[in-house]
$ cat data_34.cif   # mmCIF, C-alpha atoms and all ligand atoms
data_entry
loop_
_atom_site.label_atom_id
_atom_site.label_comp_id
_atom_site.auth_asym_id
_atom_site.auth_seq_id
_atom_site.Cartn_x
_atom_site.Cartn_y
_atom_site.Cartn_z
CA MET S 1 54.01 91.91 -85.67
CA GLY S 2 57.23 90.64 -84.10
CA ILE S 3 57.32 87.45 -82.08
CA ARG S 4 57.58 89.34 -78.79
CA GLU S 5 54.36 91.28 -79.55
CA GLU S 6 52.64 88.11 -80.76
CA ILE S 7 53.47 86.32 -77.51
CA GLU S 8 52.36 89.27 -75.41
CA LYS S 9 49.06 89.53 -77.32
CA LEU S 10 48.35 85.82 -76.91
CA ARG S 11 49.36 85.92 -73.26
CA LYS S 12 46.83 88.68 -72.59
CA GLU S 13 44.06 87.07 -74.67
CA LYS S 14 44.49 83.76 -72.86
CA ASN S 15 45.01 85.35 -69.44
CA ALA S 16 48.30 83.46 -68.98
CA VAL S 17 51.42 84.00 -66.92
CA ILE S 18 54.80 82.89 -68.29
CA LEU S 19 57.28 81.55 -65.73
CA ALA S 20 60.88 80.78 -66.71
CA HIS S 21 63.70 79.13 -64.81
CA ASN S 22 67.09 80.85 -64.51
CA TYR S 23 68.62 78.20 -66.83
CA GLN S 24 66.29 79.01 -69.73
CA PRO S 25 67.83 80.52 -72.89
CA PRO S 26 68.28 84.33 -72.65
CA GLU S 27 65.53 85.05 -75.22
CA ILE S 28 63.02 83.04 -73.15
CA GLN S 29 64.09 84.73 -69.90
CA ASP S 30 63.41 88.05 -71.66
CA LEU S 31 59.93 86.96 -72.79
CA ALA S 32 58.84 85.61 -69.41
CA GLY S 33 56.87 87.63 -66.90
CA ILE S 34 58.72 86.01 -64.02
CA THR S 35 62.15 84.35 -63.86
CA GLY S 36 63.53 82.59 -60.82
CA ASP S 37 64.87 79.46 -59.18
CA SER S 38 62.74 76.41 -58.39
CA LEU S 39 61.59 77.71 -55.01
CA GLU S 40 60.69 81.19 -56.28
CA LEU S 41 58.82 79.74 -59.25
CA ALA S 42 56.94 77.23 -57.07
CA ILE S 43 55.75 80.10 -54.86
CA LYS S 44 54.76 82.23 -57.89
CA ALA S 45 52.89 79.29 -59.40
CA LYS S 46 50.97 78.76 -56.16
CA GLU S 47 50.01 82.44 -56.06
CA ALA S 48 49.13 82.75 -59.77
CA THR S 49 45.62 84.07 -60.42
CA GLU S 50 45.74 83.78 -64.23
CA ASP S 51 43.85 80.96 -66.00
CA ILE S 52 46.95 79.45 -67.59
CA ILE S 53 50.48 78.98 -66.25
CA VAL S 54 53.02 78.49 -69.05
CA PHE S 55 56.06 76.86 -67.50
CA CYS S 56 59.36 77.32 -69.34
CA GLY S 57 61.58 74.87 -67.55
CA VAL S 58 61.66 71.10 -67.14
CA GLU S 59 58.97 68.59 -66.28
CA PHE S 60 59.33 68.39 -62.50
CA MET S 61 58.96 72.18 -62.28
CA ALA S 62 55.75 72.24 -64.32
CA GLU S 63 54.43 69.32 -62.24
CA THR S 64 55.17 71.26 -59.05
CA ALA S 65 53.21 74.23 -60.42
CA LYS S 66 50.22 71.98 -61.20
CA ILE S 67 50.34 70.31 -57.79
CA LEU S 68 50.38 73.67 -56.00
CA ASN S 69 47.68 75.27 -58.14
CA PRO S 70 45.58 72.37 -59.45
CA GLY S 71 42.68 74.56 -60.61
CA LYS S 72 44.85 76.19 -63.27
CA LYS S 73 45.81 74.87 -66.66
CA VAL S 74 49.58 74.36 -66.57
CA ILE S 75 51.30 73.98 -69.91
CA MET S 76 54.83 72.99 -70.87
CA PRO S 77 55.82 74.31 -74.30
CA VAL S 78 58.21 71.36 -74.78
CA LYS S 79 56.75 67.97 -73.99
CA ASP S 80 60.00 66.07 -73.46
CA ALA S 81 61.96 68.58 -71.36
CA GLY S 82 63.02 66.22 -68.58
CA CYS S 83 65.71 66.18 -65.94
CA PRO S 84 68.34 63.40 -65.90
CA LEU S 85 68.85 64.00 -62.17
CA ALA S 86 65.14 63.56 -61.38
CA ASP S 87 65.16 60.31 -63.39
CA GLN S 88 67.65 58.77 -60.94
CA LEU S 89 65.08 58.40 -58.12
CA THR S 90 62.03 56.12 -58.16
CA PRO S 91 59.18 55.68 -55.65
CA GLU S 92 60.35 52.07 -55.14
CA MET S 93 63.80 53.27 -54.05
CA ILE S 94 62.18 55.51 -51.44
CA ARG S 95 59.94 52.71 -50.15
CA GLU S 96 62.96 50.39 -49.89
CA ALA S 97 64.95 53.01 -47.99
CA ARG S 98 62.05 53.54 -45.58
CA LYS S 99 61.98 49.80 -44.86
CA LYS S 100 65.70 49.84 -44.09
CA HIS S 101 65.51 53.00 -41.96
CA PRO S 102 62.06 52.96 -40.35
CA GLY S 103 62.73 55.94 -38.07
CA ALA S 104 64.02 58.21 -40.81
CA ALA S 105 62.26 61.15 -42.45
CA VAL S 106 62.21 61.34 -46.25
CA VAL S 107 63.28 64.60 -47.88
CA VAL S 108 63.14 64.77 -51.67
CA TYR S 109 64.80 67.43 -53.73
CA VAL S 110 62.21 69.24 -55.84
CA ASN S 111 64.14 67.83 -58.83
CA SER S 112 62.16 64.60 -58.64
CA SER S 113 58.94 63.20 -60.08
CA ALA S 114 55.49 63.83 -58.59
CA GLU S 115 55.38 60.10 -57.75
CA CYS S 116 58.53 60.45 -55.62
CA LYS S 117 57.17 63.54 -53.88
CA ALA S 118 54.05 61.55 -53.05
CA GLU S 119 56.29 59.16 -51.06
CA ALA S 120 58.14 61.93 -49.20
CA ASP S 121 57.56 63.72 -45.90
CA VAL S 122 58.82 67.02 -47.25
CA ALA S 123 60.42 68.42 -50.40
CA CYS S 124 63.29 70.91 -50.60
CA THR S 125 65.11 73.04 -53.14
CA SER S 126 68.79 73.92 -53.15
CA ALA S 127 67.79 77.28 -51.64
CA ASN S 128 66.22 75.79 -48.52
CA ALA S 129 67.54 72.21 -48.23
CA ALA S 130 69.62 72.80 -45.07
CA GLY S 131 66.76 74.69 -43.39
CA VAL S 132 64.26 71.96 -44.23
CA VAL S 133 66.51 69.20 -42.85
CA ARG S 134 67.34 71.23 -39.73
CA SER S 135 63.62 71.75 -39.03
CA LEU S 136 62.84 68.02 -38.80
CA THR S 137 62.63 66.16 -35.51
CA GLU S 138 64.03 62.92 -36.96
CA THR S 139 67.81 62.41 -36.80
CA GLU S 140 68.10 60.13 -39.82
CA ILE S 141 67.15 61.70 -43.14
CA ILE S 142 66.67 59.75 -46.35
CA PHE S 143 67.62 62.29 -49.01
CA GLY S 144 67.44 62.05 -52.80
CA PRO S 145 68.13 62.14 -55.63
CA ASP S 146 71.12 64.52 -55.50
CA SER S 147 73.95 63.09 -53.41
CA ASN S 148 76.07 66.24 -53.82
CA LEU S 149 73.31 68.44 -52.42
CA GLY S 150 72.88 65.78 -49.73
CA SER S 151 76.56 65.93 -48.74
CA TRP S 152 76.43 69.74 -48.70
CA VAL S 153 73.39 69.60 -46.40
CA GLN S 154 75.29 67.11 -44.21
CA GLU S 155 78.06 69.68 -43.80
CA GLN S 156 75.56 72.41 -42.87
CA VAL S 157 73.57 70.23 -40.49
CA PRO S 158 76.09 67.87 -38.82
CA GLU S 159 73.63 66.86 -36.09
CA LYS S 160 71.61 64.87 -38.67
CA LYS S 161 72.58 61.73 -40.56
CA ILE S 162 71.91 62.05 -44.29
CA ILE S 163 71.25 58.78 -46.11
CA PRO S 164 71.59 59.51 -49.86
CA VAL S 165 69.21 57.62 -52.15
CA PRO S 166 70.54 56.67 -54.62
CA PRO S 167 74.05 56.80 -53.13
CA ASP S 168 75.54 58.49 -56.19
CA GLY S 169 72.70 60.57 -57.70
CA HIS S 170 73.99 63.67 -59.44
CA CYS S 171 73.27 66.28 -62.10
CA PRO S 172 75.44 65.77 -65.20
CA VAL S 173 75.41 69.51 -65.93
CA HIS S 174 77.09 70.29 -62.61
CA ALA S 175 79.51 67.36 -62.78
CA VAL S 176 81.57 68.98 -65.56
CA PHE S 177 83.53 71.35 -63.35
CA GLU S 178 87.15 70.47 -62.61
CA ILE S 179 89.61 71.69 -60.00
CA SER S 180 91.59 73.20 -62.90
CA ASP S 181 88.59 75.51 -63.61
CA ALA S 182 88.77 76.77 -60.03
CA GLU S 183 92.55 77.17 -60.19
CA GLU S 184 92.32 79.14 -63.43
CA ALA S 185 89.51 81.36 -62.07
CA LYS S 186 91.50 82.05 -58.89
CA LYS S 187 94.59 82.97 -60.90
CA LYS S 188 92.49 85.54 -62.79
CA GLU S 189 91.10 86.84 -59.49
CA TYR S 190 87.52 85.75 -59.96
CA CYS S 191 85.38 85.16 -56.93
CA ILE S 192 83.96 81.65 -57.36
CA VAL S 193 80.37 80.73 -56.62
CA CYS S 194 79.19 77.19 -57.22
CA HIS S 195 75.82 75.50 -57.02
CA PRO S 196 75.44 72.85 -54.29
CA GLU S 197 74.83 70.26 -57.01
CA CYS S 198 78.58 70.49 -57.75
CA GLU S 199 80.92 67.84 -56.32
CA LYS S 200 82.49 68.38 -52.89
CA LYS S 201 85.95 69.06 -54.33
CA ILE S 202 84.46 71.95 -56.36
CA ARG S 203 82.45 73.28 -53.41
CA ASP S 204 85.61 73.23 -51.27
CA ALA S 205 87.52 75.17 -53.94
CA SER S 206 84.78 77.84 -54.22
CA ASP S 207 84.36 81.06 -52.26
CA PHE S 208 80.58 80.64 -52.02
CA VAL S 209 78.06 77.84 -52.45
CA ALA S 210 74.60 79.07 -53.43
CA SER S 211 71.38 78.19 -55.23
CA THR S 212 70.69 80.29 -58.33
CA GLY S 213 68.41 82.53 -56.26
CA GLY S 214 71.17 82.75 -53.64
CA MET S 215 73.69 83.79 -56.32
CA LEU S 216 71.55 86.84 -57.09
CA LYS S 217 71.49 87.73 -53.39
CA ILE S 218 75.29 87.61 -52.93
CA ALA S 219 76.35 89.06 -56.30
CA HIS S 220 77.00 92.49 -54.72
CA GLU S 221 79.91 90.96 -52.74
CA ALA S 222 82.42 90.98 -55.65
CA ASP S 223 82.96 92.57 -59.07
CA LYS S 224 84.25 89.54 -60.99
CA TRP S 225 82.53 86.20 -60.64
CA ALA S 226 83.21 82.73 -61.99
CA VAL S 227 79.79 81.07 -61.97
CA PHE S 228 79.91 77.28 -61.57
CA THR S 229 76.40 76.34 -62.63
CA GLU S 230 74.41 76.07 -65.85
CA LYS S 231 75.79 78.59 -68.36
CA ASP S 232 72.73 80.82 -68.78
CA MET S 233 72.58 81.74 -65.09
CA ALA S 234 75.30 84.22 -65.99
CA TYR S 235 72.86 85.99 -68.33
CA ARG S 236 70.37 86.43 -65.48
CA LEU S 237 73.11 87.72 -63.18
CA LYS S 238 74.41 90.17 -65.79
CA LYS S 239 70.89 91.48 -66.35
CA GLU S 240 70.51 92.26 -62.65
CA PHE S 241 74.10 93.49 -62.18
CA PRO S 242 75.19 95.04 -65.51
CA ASP S 243 78.36 96.58 -64.05
CA LYS S 244 79.78 93.26 -62.87
CA GLU S 245 81.51 90.48 -64.76
CA PHE S 246 80.10 86.94 -64.70
CA ARG S 247 82.23 84.26 -66.30
CA HIS S 248 80.21 81.31 -67.54
CA TYR S 249 81.26 77.89 -68.79
CA GLU S 250 79.89 76.72 -72.15
CA LYS S 251 80.46 73.09 -71.15
CA SER S 252 77.83 73.36 -68.39
CA VAL S 253 74.66 73.25 -70.45
CA CYS S 254 71.33 71.66 -69.59
CA ILE S 255 70.11 70.40 -72.95
CA ASP S 256 66.55 69.91 -71.68
CA MET S 257 66.33 73.57 -70.70
CA LYS S 258 67.37 74.62 -74.21
CA LYS S 259 64.77 72.72 -76.22
CA ILE S 260 62.47 75.74 -76.22
CA THR S 261 62.49 78.68 -78.66
CA PRO S 262 60.33 81.83 -78.83
CA GLN S 263 58.43 80.19 -81.73
CA ILE S 264 57.71 77.09 -79.63
CA LEU S 265 56.56 79.32 -76.76
CA ARG S 266 54.22 81.22 -79.09
CA ASP S 267 52.79 78.01 -80.55
CA SER S 268 52.18 76.55 -77.10
CA LEU S 269 50.22 79.66 -76.12
CA LYS S 270 48.16 79.26 -79.30
CA SER S 271 47.45 75.55 -78.92
CA GLU S 272 47.58 75.44 -75.10
CA GLU S 273 49.84 72.42 -75.32
CA TYR S 274 51.23 70.43 -73.61
CA GLU S 275 48.95 70.34 -70.62
CA VAL S 276 50.41 68.85 -67.41
CA ILE S 277 48.12 66.08 -66.19
CA ILE S 278 48.89 64.23 -62.95
CA ASP S 279 46.94 61.46 -61.27
CA GLU S 280 44.67 63.02 -58.61
CA ASP S 281 45.85 60.74 -55.79
CA ILE S 282 49.56 61.32 -56.57
CA MET S 283 48.90 65.04 -56.77
CA ASN S 284 47.17 65.17 -53.39
CA ARG S 285 49.90 63.12 -51.69
CA ALA S 286 52.71 65.14 -53.27
CA ARG S 287 51.11 68.45 -52.33
CA GLY S 288 51.69 67.88 -48.61
CA ALA S 289 55.45 67.49 -49.10
CA ILE S 290 55.73 70.61 -51.26
CA GLU S 291 53.52 72.77 -49.05
CA ARG S 292 55.51 71.79 -45.96
CA MET S 293 58.64 72.90 -47.81
CA ILE S 294 57.13 76.27 -48.72
CA LYS S 295 56.08 76.86 -45.11
CA ILE S 296 59.64 76.22 -43.91
CA ARG S 297 61.28 78.17 -46.76
CA GLY S 298 64.68 77.70 -45.09
S1 LIG H 301 70.60 71.46 -64.66
FE1 LIG H 301 70.71 69.34 -63.90
S2 LIG H 301 69.24 69.26 -62.21
FE2 LIG H 301 68.78 71.13 -63.39
S3 LIG H 301 67.21 70.49 -64.85
FE3 LIG H 301 69.17 70.26 -65.90
S4 LIG H 301 69.77 68.13 -65.53
FE4 LIG H 301 68.14 68.61 -64.06
#
$ encode --input "data_34.cif" --output "structure tokens" --more "lines below"
Ligand code: SF4
Amino acid sequence: MGIREEIEKLRKEKNAVILAHNYQPPEIQDLAGITGDSLELAIKAKEATEDIIVFCGVEFMAETAKILNPGKKVIMPVKDAGCPLADQLTPEMIREARKKHPGAAVVVYVNSSAECKAEADVACTSANAAGVVRSLTETEIIFGPDSNLGSWVQEQVPEKKIIPVPPDGHCPVHAVFEISDAEEAKKKEYCIVCHPECEKKIRDASDFVASTGGMLKIAHEADKWAVFTEKDMAYRLKKEFPDKEFRHYEKSVCIDMKKITPQILRDSLKSEEYEVIIDEDIMNRARGAIERMIKIRG
């Protein structure tokens, strides 16, 4: 029996659903029942009726699935798949910022720990961040941990004042793009789409700024794309739009997303490891922020 059949057999026996983020390696995207961005996967996790949710992604995503569907067993095939961006925000930093700005609302990017979400008023993803901020009654918005997403939201929603916490939080995978990449892509007549986690100079040099889910929605607009986000998003785009060209950049790689292999996925289905366990109180407090985000959707 090949590994694909083995995984499918185990998945059925265990009554599991396999969710994979758009940055997962191609072979994992192909094995998953559902692929998507953070918002799409959070919604799928909430709606899942299976006994087990196997989350192929990084820790904050699996935590979000557990928080939204606490009655299910959520497993992460790789225990130490973290997110260096999420690590840049702590609950203490949020509490400090609240003290300094008592009238402000707190919006945390879903790329943050469950403990940080427990301190927030509402969460957001890159797909709905501007909509979430626009929907709030408060004028001052404490926003973390991604300062690039924060500055992009500020441009979309000028009537609000974004206070980035920390002031310089960023994703290292999206910080690799240079103006020269944009210049070269333009010369070769690529249409450029970048993720809002990219720096302002890169966003300004791009034709579109979009979340990974948003990239799939606008892909019909051009035939040749330069995709300024994690390299394996191009695989997902090519799968959905086989007649188009999607240029990816090998230097933009999220190492934590690549720790998984089909063998590791199979073994995690067998052993049901590693189960996501979150403190009950944290989970209950974080749920409010995530559910408010899902209601708004953006
Ligand atoms: S691409 Fe960046 S934000 Fe996304 S999981 Fe990797 S390190 Fe975190």
$ residues_near_ligand --input "data_34.cif" --ligand "ligand LIG 301 (chain H)" --cutoff "8 Å" --atoms "all atoms listed in the file" --output "list in words"
Tyr23, Gly57, Val58, Gly82, Cys83, Pro84, Leu85, Ala86, Asn111, His170, Cys171, Pro172, Val173, His174, Glu197, Thr229, Glu230, Val253, Cys254, Ile255, Asp256 and Met257 of chain S
$ atom_distance --input "data_34.cif" --atom1 "atom CA of Gly103 of chain S" --atom2 "atom CA of Thr139 of chain S"
8.3 Å
$ residues_around --input "data_34.cif" --residues "Glu183 of chain S" --least-positions-apart "5" --cutoff "10 Å" --atoms "all atoms listed in the file" --output "ChimeraX atom specification"
/S:178,188-190,205-206
$ closest_residue --input "data_34.cif" --among "S:Ser268, S:Thr90, S:Ser147, S:Thr64" --to "Ala123 of chain S" --atoms "only C-alpha atoms"
S:Thr64
$ closest_residue --input "data_34.cif" --among "S:Ala42, S:Asp168, S:Gly144, S:Gln154" --to "Ser113 of chain S" --atoms "all atoms listed in the file"
S:Gly144
$ closest_residue --input "data_34.cif" --among "S:Pro77, S:Gln29, S:Lys44, S:Ala219" --to "Leu269 of chain S" --atoms "all atoms listed in the file"
S:Pro77
$ closest_residue --input "data_34.cif" --among "S:Ile18, S:Val227, S:Ile264, S:Ala120" --to "Ile192 of chain S" --atoms "only C-alpha atoms"
S:Val227
$ residues_around --input "data_34.cif" --residues "Glu92 of chain S" --least-positions-apart "5" --cutoff "10 Å" --atoms "all atoms listed in the file" --output "count of residues only"
5
$ atom_distance --input "data_34.cif" --atom1 "atom CA of Leu19 of chain S" --atom2 "atom CA of Ser112 of chain S"
19.0 Å
$ residues_around --input "data_34.cif" --residues "segment 273-282 of chain S" --least-positions-apart "6" --cutoff "6 Å" --atoms "only C-alpha atoms" --output "compact mmCIF listing (two decimals) with C-alpha atoms, keeping the file's coordinate frame"
# COMPACT_ATOMS: atom_id res chain seq x y z
CA VAL S 74 49.58 74.36 -66.57
CA ILE S 75 51.30 73.98 -69.91
CA MET S 76 54.83 72.99 -70.87
CA ALA S 118 54.05 61.55 -53.05
$ atom_distance --input "data_34.cif" --atom1 "atom CA of Val122 of chain S" --atom2 "atom CA of Val107 of chain S"
5.1 Å
$ residues_around --input "data_34.cif" --residues "segment 5-11 of chain S" --least-positions-apart "4" --cutoff "6 Å" --atoms "all atoms listed in the file" --output "PyMOL selection string"
chain S and resi 15-16+266
$ closest_residue --input "data_34.cif" --among "S:Met1, S:Val133, S:Ala286, S:Ile142" --to "Met93 of chain S" --atoms "all atoms listed in the file"
S:Ile142
$ residues_around --input "data_34.cif" --residues "Ala130 of chain S" --least-positions-apart "4" --cutoff "12 Å" --atoms "only C-alpha atoms" --output "PyMOL selection string"
chain S and resi 107+109+123-126+134-136+141+143+149-160+162+196+210-211+293+296-298
$ closest_residue --input "data_34.cif" --among "S:Lys251, S:Arg292, S:Ser180, S:Tyr235" --to "Thr35 of chain S" --atoms "all atoms listed in the file"
S:Tyr235
$ residues_near_point --input "data_34.cif" --point "(53.0, 67.4, -56.4)" --cutoff "8 Å" --atoms "only C-alpha atoms" --output "PyMOL selection string"
chain S and resi 63-68+114-115+117-118+282-290
$ build_atoms --input "data_34.cif" --residues "segment 90-101 of chain S" --atoms "N, CA and C atoms" --output "PDB file, in the coordinates of the input"
ATOM      1  N   THR S  90      63.354  56.703 -57.907  1.00  0.00           N
ATOM      2  CA  THR S  90      62.030  56.120 -58.160  1.00  0.00           C
ATOM      3  C   THR S  90      61.286  55.967 -56.830  1.00  0.00           C
ATOM      4  N   PRO S  91      59.943  55.888 -56.886  1.00  0.00           N
ATOM      5  CA  PRO S  91      59.180  55.680 -55.650  1.00  0.00           C
ATOM      6  C   PRO S  91      59.608  54.385 -54.942  1.00  0.00           C
ATOM      7  N   GLU S  92      59.942  53.353 -55.733  1.00  0.00           N
ATOM      8  CA  GLU S  92      60.350  52.070 -55.140  1.00  0.00           C
ATOM      9  C   GLU S  92      61.615  52.249 -54.299  1.00  0.00           C
ATOM     10  N   MET S  93      62.552  53.038 -54.800  1.00  0.00           N
ATOM     11  CA  MET S  93      63.800  53.270 -54.050  1.00  0.00           C
ATOM     12  C   MET S  93      63.490  53.933 -52.705  1.00  0.00           C
ATOM     13  N   ILE S  94      62.536  54.833 -52.696  1.00  0.00           N
ATOM     14  CA  ILE S  94      62.180  55.510 -51.440  1.00  0.00           C
ATOM     15  C   ILE S  94      61.534  54.508 -50.475  1.00  0.00           C
ATOM     16  N   ARG S  95      60.621  53.691 -51.011  1.00  0.00           N
ATOM     17  CA  ARG S  95      59.940  52.710 -50.150  1.00  0.00           C
ATOM     18  C   ARG S  95      60.942  51.716 -49.557  1.00  0.00           C
ATOM     19  N   GLU S  96      61.904  51.298 -50.375  1.00  0.00           N
ATOM     20  CA  GLU S  96      62.960  50.390 -49.890  1.00  0.00           C
ATOM     21  C   GLU S  96      63.769  51.043 -48.766  1.00  0.00           C
ATOM     22  N   ALA S  97      64.138  52.295 -48.983  1.00  0.00           N
ATOM     23  CA  ALA S  97      64.950  53.010 -47.990  1.00  0.00           C
ATOM     24  C   ALA S  97      64.168  53.174 -46.686  1.00  0.00           C
ATOM     25  N   ARG S  98      62.882  53.405 -46.795  1.00  0.00           N
ATOM     26  CA  ARG S  98      62.050  53.540 -45.580  1.00  0.00           C
ATOM     27  C   ARG S  98      62.032  52.225 -44.789  1.00  0.00           C
ATOM     28  N   LYS S  99      61.985  51.119 -45.531  1.00  0.00           N
ATOM     29  CA  LYS S  99      61.980  49.800 -44.860  1.00  0.00           C
ATOM     30  C   LYS S  99      63.281  49.610 -44.088  1.00  0.00           C
ATOM     31  N   LYS S 100      64.388  50.006 -44.710  1.00  0.00           N
ATOM     32  CA  LYS S 100      65.700  49.840 -44.090  1.00  0.00           C
ATOM     33  C   LYS S 100      65.915  50.792 -42.926  1.00  0.00           C
ATOM     34  N   HIS S 101      65.302  51.958 -42.989  1.00  0.00           N
ATOM     35  CA  HIS S 101      65.510  53.000 -41.960  1.00  0.00           C
ATOM     36  C   HIS S 101      64.141  53.477 -41.471  1.00  0.00           C
TER      37      HIS S 101
END
